[in-house]
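**Q** my_file-v3.txt is the file, holding compact mmCIF, C-alpha atoms and all ligand atoms:
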# COMPACT_ATOMS: atom_id res chain seq x y z
CA MET A 682 -49.60 77.73 -13.59
CA PRO A 683 -46.11 79.13 -12.79
CA PHE A 684 -43.24 76.89 -13.84
CA VAL A 685 -41.90 76.40 -10.26
CA THR A 686 -45.27 75.23 -9.01
CA ARG A 687 -45.60 72.80 -11.86
CA ARG A 688 -42.18 71.31 -11.04
CA ALA A 689 -43.10 71.06 -7.39
CA LEU A 690 -46.29 69.24 -8.31
CA ALA A 691 -44.42 66.90 -10.60
CA ALA A 692 -41.99 66.14 -7.77
CA LEU A 693 -44.88 65.46 -5.42
CA ALA A 694 -46.49 63.20 -7.97
CA LEU A 695 -43.22 61.27 -8.34
CA ALA A 696 -42.54 61.00 -4.62
CA PRO A 697 -44.77 58.00 -3.84
CA ALA A 698 -43.34 56.08 -6.79
CA VAL A 699 -39.79 56.79 -5.66
CA LEU A 700 -40.58 55.85 -2.06
CA ALA A 701 -42.28 52.66 -3.19
CA ALA A 702 -39.41 51.58 -5.44
CA PRO A 703 -37.51 49.30 -2.99
CA ALA A 704 -40.69 47.58 -1.86
CA LEU A 705 -41.74 47.10 -5.49
CA ALA A 706 -38.34 45.65 -6.38
CA GLN A 707 -38.70 43.05 -3.63
CA GLY A 708 -42.34 42.40 -4.41
CA THR A 709 -41.64 41.69 -8.06
CA PHE A 710 -38.79 39.22 -7.57
CA PRO A 711 -37.96 37.62 -9.89
CA ALA A 712 -37.90 40.58 -12.26
CA ARG A 713 -36.48 38.45 -15.08
CA LEU A 714 -35.33 34.90 -15.71
CA VAL A 715 -33.29 33.17 -13.02
CA THR A 716 -30.05 31.40 -14.00
CA MET A 717 -29.32 28.12 -12.24
CA ILE A 718 -25.62 27.28 -12.52
CA ILE A 719 -24.81 23.58 -12.71
CA PRO A 720 -21.09 23.15 -11.97
CA PHE A 721 -20.81 20.07 -14.23
CA ALA A 722 -21.37 19.26 -17.90
CA ALA A 723 -24.81 18.78 -19.44
CA GLY A 724 -26.21 15.25 -19.51
CA GLY A 725 -24.80 14.22 -16.11
CA PRO A 726 -26.60 13.58 -12.83
CA THR A 727 -26.30 17.07 -11.32
CA ASP A 728 -27.62 18.42 -14.60
CA THR A 729 -30.54 15.95 -14.55
CA VAL A 730 -31.54 16.89 -10.99
CA GLY A 731 -31.05 20.60 -11.73
CA ARG A 732 -33.19 20.64 -14.86
CA LEU A 733 -36.10 18.90 -13.13
CA ILE A 734 -35.99 21.31 -10.19
CA ALA A 735 -35.42 24.36 -12.40
CA GLN A 736 -38.53 23.69 -14.45
CA ALA A 737 -40.76 23.23 -11.42
CA MET A 738 -39.29 26.28 -9.63
CA GLY A 739 -39.79 28.40 -12.74
CA ALA A 740 -43.47 27.46 -12.86
CA ASP A 741 -43.88 28.63 -9.27
CA LEU A 742 -41.80 31.81 -9.67
CA GLY A 743 -43.59 32.87 -12.85
CA GLN A 744 -40.22 33.33 -14.60
CA PRO A 745 -38.14 30.68 -16.32
CA VAL A 746 -35.26 29.18 -14.36
CA VAL A 747 -32.63 28.53 -17.00
CA VAL A 748 -29.82 26.03 -16.48
CA GLU A 749 -26.28 27.07 -17.36
CA ASN A 750 -23.63 24.35 -17.26
CA VAL A 751 -20.28 25.67 -16.02
CA GLY A 752 -18.28 22.45 -15.73
CA GLY A 753 -14.61 21.89 -14.96
CA ALA A 754 -12.15 21.69 -12.06
CA GLY A 755 -14.38 19.41 -9.98
CA GLY A 756 -17.24 21.94 -9.78
CA THR A 757 -15.10 24.87 -8.59
CA LEU A 758 -15.50 26.89 -11.81
CA GLY A 759 -19.29 26.89 -11.51
CA ALA A 760 -19.13 27.67 -7.79
CA GLN A 761 -16.79 30.56 -8.49
CA ARG A 762 -19.30 31.93 -10.99
CA LEU A 763 -21.92 32.08 -8.23
CA ALA A 764 -19.45 33.64 -5.79
CA ASN A 765 -18.96 36.48 -8.29
CA ALA A 766 -22.66 36.88 -9.17
CA ARG A 767 -24.85 39.80 -8.02
CA PRO A 768 -26.60 38.77 -4.80
CA ASP A 769 -30.09 39.56 -6.09
CA GLY A 770 -31.48 36.02 -6.43
CA HIS A 771 -31.32 35.96 -10.23
CA THR A 772 -28.31 33.64 -10.13
CA ILE A 773 -28.38 30.48 -8.02
CA LEU A 774 -26.27 27.32 -7.92
CA LEU A 775 -27.15 23.67 -7.60
CA HIS A 776 -24.16 21.86 -6.11
CA HIS A 777 -23.62 18.43 -4.62
CA ILE A 778 -21.52 16.90 -1.84
CA GLY A 779 -18.46 18.50 -3.48
CA ILE A 780 -19.33 21.75 -1.73
CA ALA A 781 -18.42 19.95 1.52
CA THR A 782 -15.18 18.37 0.28
CA ILE A 783 -13.81 21.28 -1.81
CA PRO A 784 -12.89 23.43 1.24
CA THR A 785 -10.43 20.66 2.25
CA LEU A 786 -9.38 19.43 -1.20
CA TYR A 787 -8.56 22.89 -2.59
CA ARG A 788 -6.18 24.93 -0.50
CA ARG A 789 -6.00 27.82 -3.00
CA LEU A 790 -9.24 29.03 -4.54
CA ALA A 791 -10.22 32.36 -6.08
CA TYR A 792 -13.35 32.43 -3.87
CA ASP A 793 -14.23 31.64 -0.28
CA PRO A 794 -15.71 28.10 -0.52
CA ILE A 795 -17.85 28.53 2.60
CA ASN A 796 -18.63 32.21 3.17
CA ALA A 797 -19.44 33.12 -0.43
CA PHE A 798 -22.68 31.10 -0.36
CA GLU A 799 -26.05 31.15 1.38
CA PRO A 800 -27.77 27.74 1.54
CA LEU A 801 -31.35 27.77 0.24
CA GLY A 802 -32.31 24.18 1.10
CA MET A 803 -31.30 20.62 0.32
CA VAL A 804 -32.76 18.95 -2.75
CA THR A 805 -32.09 15.22 -2.79
CA GLU A 806 -29.78 12.46 -1.56
CA VAL A 807 -28.65 10.02 -4.22
CA PRO A 808 -26.93 6.61 -3.97
CA MET A 809 -23.78 6.01 -6.00
CA THR A 810 -23.17 2.93 -8.13
CA LEU A 811 -19.89 1.34 -9.13
CA ILE A 812 -20.00 0.54 -12.84
CA GLY A 813 -17.62 -0.65 -15.55
CA ARG A 814 -17.50 -0.89 -19.32
CA ARG A 815 -19.83 -3.59 -20.58
CA ASN A 816 -17.03 -6.04 -21.47
CA ILE A 817 -14.83 -5.54 -18.38
CA GLU A 818 -13.13 -8.76 -17.27
CA ALA A 819 -15.13 -9.16 -14.03
CA ASN A 820 -18.64 -10.39 -13.36
CA SER A 821 -19.00 -9.60 -9.68
CA LEU A 822 -17.63 -7.16 -7.12
CA ALA A 823 -15.24 -9.84 -5.80
CA GLU A 824 -13.88 -10.41 -9.32
CA LEU A 825 -13.61 -6.66 -9.85
CA VAL A 826 -11.60 -6.23 -6.65
CA ALA A 827 -9.22 -8.97 -7.84
CA LEU A 828 -8.95 -7.28 -11.26
CA ILE A 829 -8.17 -3.88 -9.70
CA ARG A 830 -5.46 -5.46 -7.50
CA ARG A 831 -3.99 -7.24 -10.52
CA ARG A 832 -4.07 -4.40 -13.03
CA GLY A 833 -3.84 -1.32 -10.75
CA GLU A 834 -2.77 1.73 -12.72
CA ASN A 835 -3.44 -0.05 -16.01
CA LEU A 836 -7.14 0.48 -15.30
CA ASN A 837 -8.68 3.85 -16.14
CA TYR A 838 -11.13 5.27 -13.61
CA ALA A 839 -13.26 8.14 -14.97
CA ASN A 840 -14.31 11.02 -12.74
CA ALA A 841 -15.52 14.60 -12.92
CA GLY A 842 -12.34 16.12 -11.46
CA ILE A 843 -11.04 16.62 -7.94
CA GLY A 844 -13.97 17.60 -5.77
CA ALA A 845 -16.55 15.63 -7.75
CA ALA A 846 -18.56 12.88 -6.10
CA SER A 847 -17.08 10.41 -8.59
CA HIS A 848 -13.62 11.48 -7.39
CA LEU A 849 -14.57 11.03 -3.74
CA CYS A 850 -16.11 7.62 -4.48
CA GLY A 851 -12.92 6.63 -6.34
CA LEU A 852 -10.79 7.65 -3.35
CA LEU A 853 -12.91 5.45 -1.07
CA LEU A 854 -12.80 2.55 -3.53
CA MET A 855 -9.03 2.71 -3.96
CA LYS A 856 -8.63 2.91 -0.18
CA ALA A 857 -10.96 -0.09 0.37
CA VAL A 858 -9.10 -2.13 -2.28
CA ASP A 859 -5.73 -0.66 -1.26
CA THR A 860 -4.72 -0.17 -4.91
CA ARG A 861 -4.41 2.91 -7.12
CA MET A 862 -5.89 3.19 -10.60
CA THR A 863 -5.25 5.85 -13.22
CA THR A 864 -7.87 8.59 -12.97
CA VAL A 865 -9.24 10.28 -16.08
CA PRO A 866 -10.97 13.61 -15.33
CA TYR A 867 -13.94 15.02 -17.29
CA ARG A 868 -16.04 18.18 -16.98
CA GLY A 869 -18.85 16.01 -15.65
CA THR A 870 -19.89 12.38 -15.58
CA GLY A 871 -22.29 12.91 -18.51
CA PRO A 872 -19.39 12.96 -21.00
CA ALA A 873 -17.53 10.36 -18.90
CA MET A 874 -20.50 8.03 -19.26
CA ASN A 875 -20.30 8.35 -23.07
CA ASP A 876 -16.71 7.09 -22.93
CA LEU A 877 -17.56 4.29 -20.51
CA VAL A 878 -20.35 3.11 -22.81
CA ALA A 879 -17.93 3.34 -25.76
CA GLY A 880 -15.42 1.29 -23.71
CA THR A 881 -12.58 3.81 -23.82
CA VAL A 882 -12.39 3.98 -19.99
CA ASP A 883 -12.79 1.04 -17.60
CA LEU A 884 -14.61 2.12 -14.45
CA MET A 885 -16.63 4.88 -12.85
CA CYS A 886 -18.66 5.50 -9.72
CA ASP A 887 -21.63 7.76 -10.24
CA GLN A 888 -25.07 8.72 -9.01
CA THR A 889 -28.06 6.52 -9.87
CA THR A 890 -29.56 9.61 -11.53
CA ASN A 891 -26.99 9.02 -14.30
CA THR A 892 -26.48 5.27 -14.16
CA THR A 893 -29.90 3.63 -13.64
CA GLU A 894 -30.99 3.79 -17.26
CA GLN A 895 -27.61 2.62 -18.58
CA ILE A 896 -27.55 -0.28 -16.10
CA ARG A 897 -31.08 -1.31 -17.09
CA ALA A 898 -30.19 -1.08 -20.78
CA GLY A 899 -27.05 -3.19 -20.25
CA THR A 900 -24.73 -0.62 -21.83
CA VAL A 901 -22.52 -0.73 -18.70
CA ARG A 902 -21.85 -3.43 -16.09
CA ALA A 903 -22.92 -2.65 -12.52
CA PHE A 904 -21.10 -4.07 -9.49
CA ALA A 905 -22.58 -2.44 -6.39
CA VAL A 906 -24.58 0.38 -4.90
CA THR A 907 -22.70 2.37 -2.25
CA THR A 908 -25.53 2.86 0.28
CA PRO A 909 -26.24 0.61 3.30
CA GLU A 910 -29.52 -0.52 1.65
CA ARG A 911 -30.27 -1.64 -1.90
CA VAL A 912 -32.09 0.85 -4.16
CA SER A 913 -35.61 -0.04 -5.27
CA ALA A 914 -34.95 1.24 -8.82
CA LEU A 915 -32.16 -1.40 -9.14
CA PRO A 916 -33.33 -4.26 -6.88
CA ASP A 917 -30.84 -6.85 -8.21
CA LEU A 918 -27.78 -4.74 -7.48
CA PRO A 919 -26.05 -5.72 -4.18
CA THR A 920 -24.69 -3.17 -1.76
CA ALA A 921 -20.89 -2.96 -1.59
CA THR A 922 -21.00 -4.58 1.85
CA GLN A 923 -23.12 -7.47 0.51
CA GLY A 924 -20.59 -7.80 -2.32
CA GLY A 925 -17.77 -8.18 0.23
CA LEU A 926 -16.31 -4.65 0.26
CA GLN A 927 -16.69 -3.18 3.77
CA GLY A 928 -16.27 0.52 4.35
CA PHE A 929 -17.13 1.55 0.82
CA GLU A 930 -20.15 3.73 1.51
CA VAL A 931 -21.09 7.14 0.20
CA SER A 932 -24.25 8.88 -0.93
CA VAL A 933 -24.41 12.20 -2.67
CA TRP A 934 -26.57 15.10 -1.56
CA HIS A 935 -27.56 18.14 -3.58
CA GLY A 936 -28.36 21.60 -2.28
CA LEU A 937 -29.28 24.96 -3.72
CA TYR A 938 -27.30 28.17 -3.03
CA ALA A 939 -27.55 31.93 -3.52
CA PRO A 940 -24.62 34.34 -3.23
CA ARG A 941 -23.94 35.68 0.27
CA GLY A 942 -25.77 38.98 0.72
CA THR A 943 -28.95 38.00 -1.12
CA PRO A 944 -31.84 39.87 0.60
CA ALA A 945 -33.89 37.80 3.06
CA PRO A 946 -37.25 38.22 1.22
CA VAL A 947 -35.62 36.97 -1.99
CA MET A 948 -34.09 34.00 -0.13
CA GLU A 949 -37.52 33.20 1.29
CA ARG A 950 -39.17 33.40 -2.13
CA LEU A 951 -36.54 31.09 -3.66
CA ASN A 952 -36.87 28.62 -0.79
CA ARG A 953 -40.66 28.62 -1.22
CA ALA A 954 -40.23 27.82 -4.91
CA LEU A 955 -37.78 25.02 -4.04
CA VAL A 956 -40.25 23.51 -1.55
CA VAL A 957 -43.00 23.67 -4.19
CA ALA A 958 -40.70 22.00 -6.74
CA LEU A 959 -39.81 19.22 -4.28
CA GLY A 960 -43.52 18.60 -3.69
CA ASN A 961 -44.22 18.37 -7.43
CA GLU A 962 -45.57 14.92 -8.32
CA GLY A 963 -43.80 14.76 -11.67
CA VAL A 964 -40.45 15.58 -10.03
CA ALA A 965 -40.98 12.91 -7.34
CA ARG A 966 -41.95 10.30 -9.96
CA ARG A 967 -38.89 11.00 -12.12
CA PHE A 968 -36.60 11.02 -9.07
CA ALA A 969 -38.00 7.62 -7.98
CA ASP A 970 -37.40 6.27 -11.45
CA LEU A 971 -33.76 7.31 -11.13
CA GLY A 972 -33.27 5.74 -7.70
CA THR A 973 -33.70 8.84 -5.54
CA ALA A 974 -36.35 11.01 -3.87
CA PRO A 975 -36.85 14.67 -2.95
CA VAL A 976 -35.60 15.37 0.59
CA PRO A 977 -38.27 15.51 3.33
CA ALA A 978 -39.61 19.05 3.85
CA GLU A 979 -37.53 19.78 7.00
CA ARG A 980 -34.30 19.20 5.05
CA ALA A 981 -35.31 21.77 2.45
CA SER A 982 -34.90 24.61 4.97
CA PRO A 983 -31.82 26.88 4.83
CA ALA A 984 -31.12 26.25 8.55
CA PHE A 985 -31.08 22.46 8.21
CA HIS A 986 -29.08 22.71 5.00
CA ARG A 987 -26.40 24.88 6.63
CA GLN A 988 -26.07 22.53 9.60
CA PHE A 989 -25.85 19.45 7.33
CA TRP A 990 -23.27 21.13 5.08
CA MET A 991 -21.03 22.16 8.00
CA ALA A 992 -21.26 18.66 9.54
CA ASP A 993 -20.30 17.12 6.18
CA ILE A 994 -17.24 19.39 5.87
CA ALA A 995 -16.13 18.13 9.31
CA LYS A 996 -16.93 14.51 8.40
CA TRP A 997 -14.89 14.40 5.17
CA ARG A 998 -11.93 16.57 6.24
CA PRO A 999 -9.96 13.84 8.11
CA LEU A 1000 -10.66 11.24 5.39
CA ILE A 1001 -9.41 13.56 2.65
CA GLN A 1002 -6.39 14.60 4.69
CA ALA A 1003 -5.56 10.93 5.32
CA ALA A 1004 -5.81 10.22 1.56
CA GLY A 1005 -3.34 13.09 1.04
CA GLN A 1006 -4.57 13.94 -2.45
CA PHE A 1007 -5.15 17.67 -2.81
CA ALA A 1008 -5.99 19.73 -5.85
CA ASP A 1009 -2.95 21.98 -5.54
N1 LIG A 1101 -21.84 13.16 -10.81
C1 LIG A 1101 -20.71 13.93 -11.11
C2 LIG A 1101 -19.73 13.83 -10.01
O1 LIG A 1101 -19.76 14.57 -9.07
C3 LIG A 1101 -20.90 15.32 -11.54
C4 LIG A 1101 -21.88 15.48 -12.64
O2 LIG A 1101 -21.50 15.43 -13.80
O3 LIG A 1101 -23.03 15.71 -12.31
O4 LIG A 1101 -18.88 13.03 -10.12
Would you give me this structure, written as structure tokens?

**A**
Amino acid sequence: MPFVTRRALAALALAPAVLAAPALAQGTFPARLVTMIIPFAAGGPTDTVGRLIAQAMGADLGQPVVVENVGGAGGTLGAQRLANARPDGHTILLHHIGIATIPTLYRRLAYDPINAFEPLGMVTEVPMTLIGRRNIEANSLAELVALIRRRGENLNYANAGIGAASHLCGLLLMKAVDTRMTTVPYRGTGPAMNDLVAGTVDLMCDQTTNTTEQIRAGTVRAFAVTTPERVSALPDLPTATQGGLQGFEVSVWHGLYAPRGTPAPVMERLNRALVVALGNEGVARRFADLGTAPVPAERASPAFHRQFWMADIAKWRPLIQAAGQFAD
């Protein structure tokens, strides 16, 4: 066979493979492991939620979903990592309510805090609890309020940086009590909890996904849950309103994000895996144990998630502006 003909045949033989390449690339997503960025330190509540979801999503996707903790600066370092990631679905982010407060709190960021991300679906809504070191000089919320008013900036309030839920909860608490405390920032409330248990900081407000087991074990003292209703995982804990502190209400929601520009079929595949993970019995059982639950199916859609996120940005903006504490 003449050389030219052989080359022509080879080209013909290759043609279908070349033509099929884009379809194959989409069809085989994920082509390798998926990295789930957690914008807070390991051992904290966002990490706990993320690891449970990552494992169940990985089982559905047929590739591991590996958690990478990128803590610091109230979650903005981890979010920035996603903003700079390739939009191919192999890097996703689990963030919490901070993604709705950061656009107001941070006036100078190296990424666009709204347009850099595509919502994939909400994950869970978690109550917050107000807790103190085990030997703090208050036995009830009323006594704690009196202590805060008396000692003010001599009390250390731990949080995960400006933009964290613990920061937001602290702002609301200090506003409700009308007294400032000294804030001590960490890369996440996992390490902050270690210091609270050790008694080197005085107070913290954090998700039940981090506090339930410590409260049950008596390693910290709990004063209130910040939702309108009590939580079944901690039935003896009063709500802040029951404890006499009106207007101190916040619950934390988590959502999953891909970088803007991620192809629609990849977004759909990731959302399907999220929905499967939220329906996983083991995930639901562990969530219940930690005082939370997977969101109902309709909230796990990208459309609902986007609408909820935008409404939350609008809800928190005036409160943050009134508090006048910005990150820059
Ligand atoms: N719960 C923390 C916060 O936003 C963050 C974390 O460590 O998960 O305050």

**Q** Please, which residues have at least one atom within 7 Å of an atom of ligand LIG 1101 (chain A), using all atoms listed in the file, listed as a list in words?

**A**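 The residues within 7 Å of ligand LIG 1101 (chain A), counting all atoms listed in the file, are Phe721, Ala722, Gly725, Pro726, Thr727, Asp728, Gly779, Asn840, Ala841, Ala845, Ala846, Ser847, His848, Arg868, Gly869, Thr870, Gly871, Asp887 and Gln888 of chain A.
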
**Q** Could you tell me, as an MDAnalysis selection string, which residues have any atom at most 10 Å from (-30.4, 4.3, -12.4), counting only C-alpha atoms?

**A** chainID A and resid 808:810 887:898 912:915 968:973

**Q** Val882 (chain A): which residues within 12 Å, counting all atoms listed in the file, same-chain residues fewer than 3 positions away excluded, as a PyMOL selection string?

**A** chain A and resi 812-817+835-840+862-867+872-879+885+901

**Q** For CA of Ile773 (chain A) and CA of Tyr938 (chain A), determine how far apart the two atoms are, in Å to one decimal place.

**A**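 Going from CA of Ile773 (chain A) over to CA of Tyr938 (chain A) covers 5.6 Å.
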
**Q** Can you list, as a list of chain:residue names, every protein, DNA or RNA residue that comes within 10 Å of Ile994 (chain A) when you count all atoms listed in the file, leaving out same-chain residues fewer than 2 positions away?

**A**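 Result of the neighbour search: A:Ile778, A:Gly779, A:Ile780, A:Ala781, A:Thr782, A:Ile783, A:Pro784, A:Thr785, A:Ile795, A:Phe989, A:Trp990, A:Met991, A:Ala992, A:Lys996, A:Trp997, A:Arg998, A:Pro999.
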
**Q** Quick one: residues within 10 Å of Gly960 (chain A), all atoms listed in the file counted, chain neighbours fewer than 2 positions away excluded, as a VMD selection string?

**A** chain A and resid 737 954 to 958 962 to 965 975 to 978

**Q** Write the residues you've just listed into a file as a PDB file, in the frame of the given file, and include C-alpha atoms for each of them.

**A**
ATOM      1  CA  ALA A 737     -40.760  23.230 -11.420  1.00  0.00           C
ATOM      2  CA  ALA A 954     -40.230  27.820  -4.910  1.00  0.00           C
ATOM      3  CA  LEU A 955     -37.780  25.020  -4.040  1.00  0.00           C
ATOM      4  CA  VAL A 956     -40.250  23.510  -1.550  1.00  0.00           C
ATOM      5  CA  VAL A 957     -43.000  23.670  -4.190  1.00  0.00           C
ATOM      6  CA  ALA A 958     -40.700  22.000  -6.740  1.00  0.00           C
ATOM      7  CA  GLU A 962     -45.570  14.920  -8.320  1.00  0.00           C
ATOM      8  CA  GLY A 963     -43.800  14.760 -11.670  1.00  0.00           C
ATOM      9  CA  VAL A 964     -40.450  15.580 -10.030  1.00  0.00           C
ATOM     10  CA  ALA A 965     -40.980  12.910  -7.340  1.00  0.00           C
ATOM     11  CA  PRO A 975     -36.850  14.670  -2.950  1.00  0.00           C
ATOM     12  CA  VAL A 976     -35.600  15.370   0.590  1.00  0.00           C
ATOM     13  CA  PRO A 977     -38.270  15.510   3.330  1.00  0.00           C
ATOM     14  CA  ALA A 978     -39.610  19.050   3.850  1.00  0.00           C
TER      15      ALA A 978
END

**Q** CA of Pro768 (chain A) and CA of Arg987 (chain A), how far apart in Å?

**A**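 Separation of CA of Arg987 (chain A) and CA of Pro768 (chain A): 18.0 Å.
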
**Q** My list of candidates is A:Gly880, A:Pro909, A:Gly851, A:Gly739. Which is closest to Ala1004 (chain A) when distances are computed with only C-alpha atoms?

**A**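 Of A:Gly880, A:Pro909, A:Gly851, A:Gly739, the one nearest Ala1004 (chain A) is A:Gly851, counting only C-alpha atoms.
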
**Q** Please list as a count of residues only every residue within 7 Å of His777 (chain A), counting all atoms listed in the file and excluding residues in the same chain fewer than 4 positions away.

**A** 4

**Q** Return the single residue from A:Leu959, A:Leu786, A:Leu801, A:Ile843 that is closest to Ala1003 (chain A), with distances computed using all atoms listed in the file.

**A**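 Among A:Leu959, A:Leu786, A:Leu801, A:Ile843, it is A:Leu786 that comes nearest to Ala1003 (chain A).
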
**Q** Expressed in Å to a single decimal, how great is the separation between CA of Val947 (chain A) and CA of Pro794 (chain A)?

**A**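 Atom-to-atom, CA of Val947 (chain A) and CA of Pro794 (chain A) are spaced 21.8 Å apart.
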
**Q** Determine the nearest neighbour of Ile719 (chain A) from the options A:Glu749, A:Asp859, A:Asp741, A:Glu834, counting all atoms listed in the file.

**A**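 The shortest atom-to-atom distance to Ile719 (chain A) comes from A:Glu749.
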
**Q** Pick from A:Ala981, A:Ala905, A:Val748, A:Gly924: nearest to Gly731 (chain A), with all atoms listed in the file counted?

**A**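 Checking each candidate against Gly731 (chain A), we get A:Val748 as the closest.
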
**Q** Which residue, A:Arg953, A:Arg788, A:Arg941, A:Arg713, has the smallest gap to Gly743 (chain A) when you use only C-alpha atoms?

**A**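 Closest residue, counting only C-alpha atoms: A:Arg713.
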
**Q** Do you know which residues are at most 12 Å from Glu979 (chain A) counting all atoms listed in the file, after dropping those on the same chain fewer than 5 positions away, and could you put them as a PyMOL selection string?

**A** chain A and resi 802-804+952+956+959+984-986+989

**Q** Tell me which of A:Arg732, A:Arg966, A:His776, A:Lys856 sits closest to Glu806 (chain A), counting only C-alpha atoms.

**A**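 Distance minimum relative to Glu806 (chain A) lands on A:His776.
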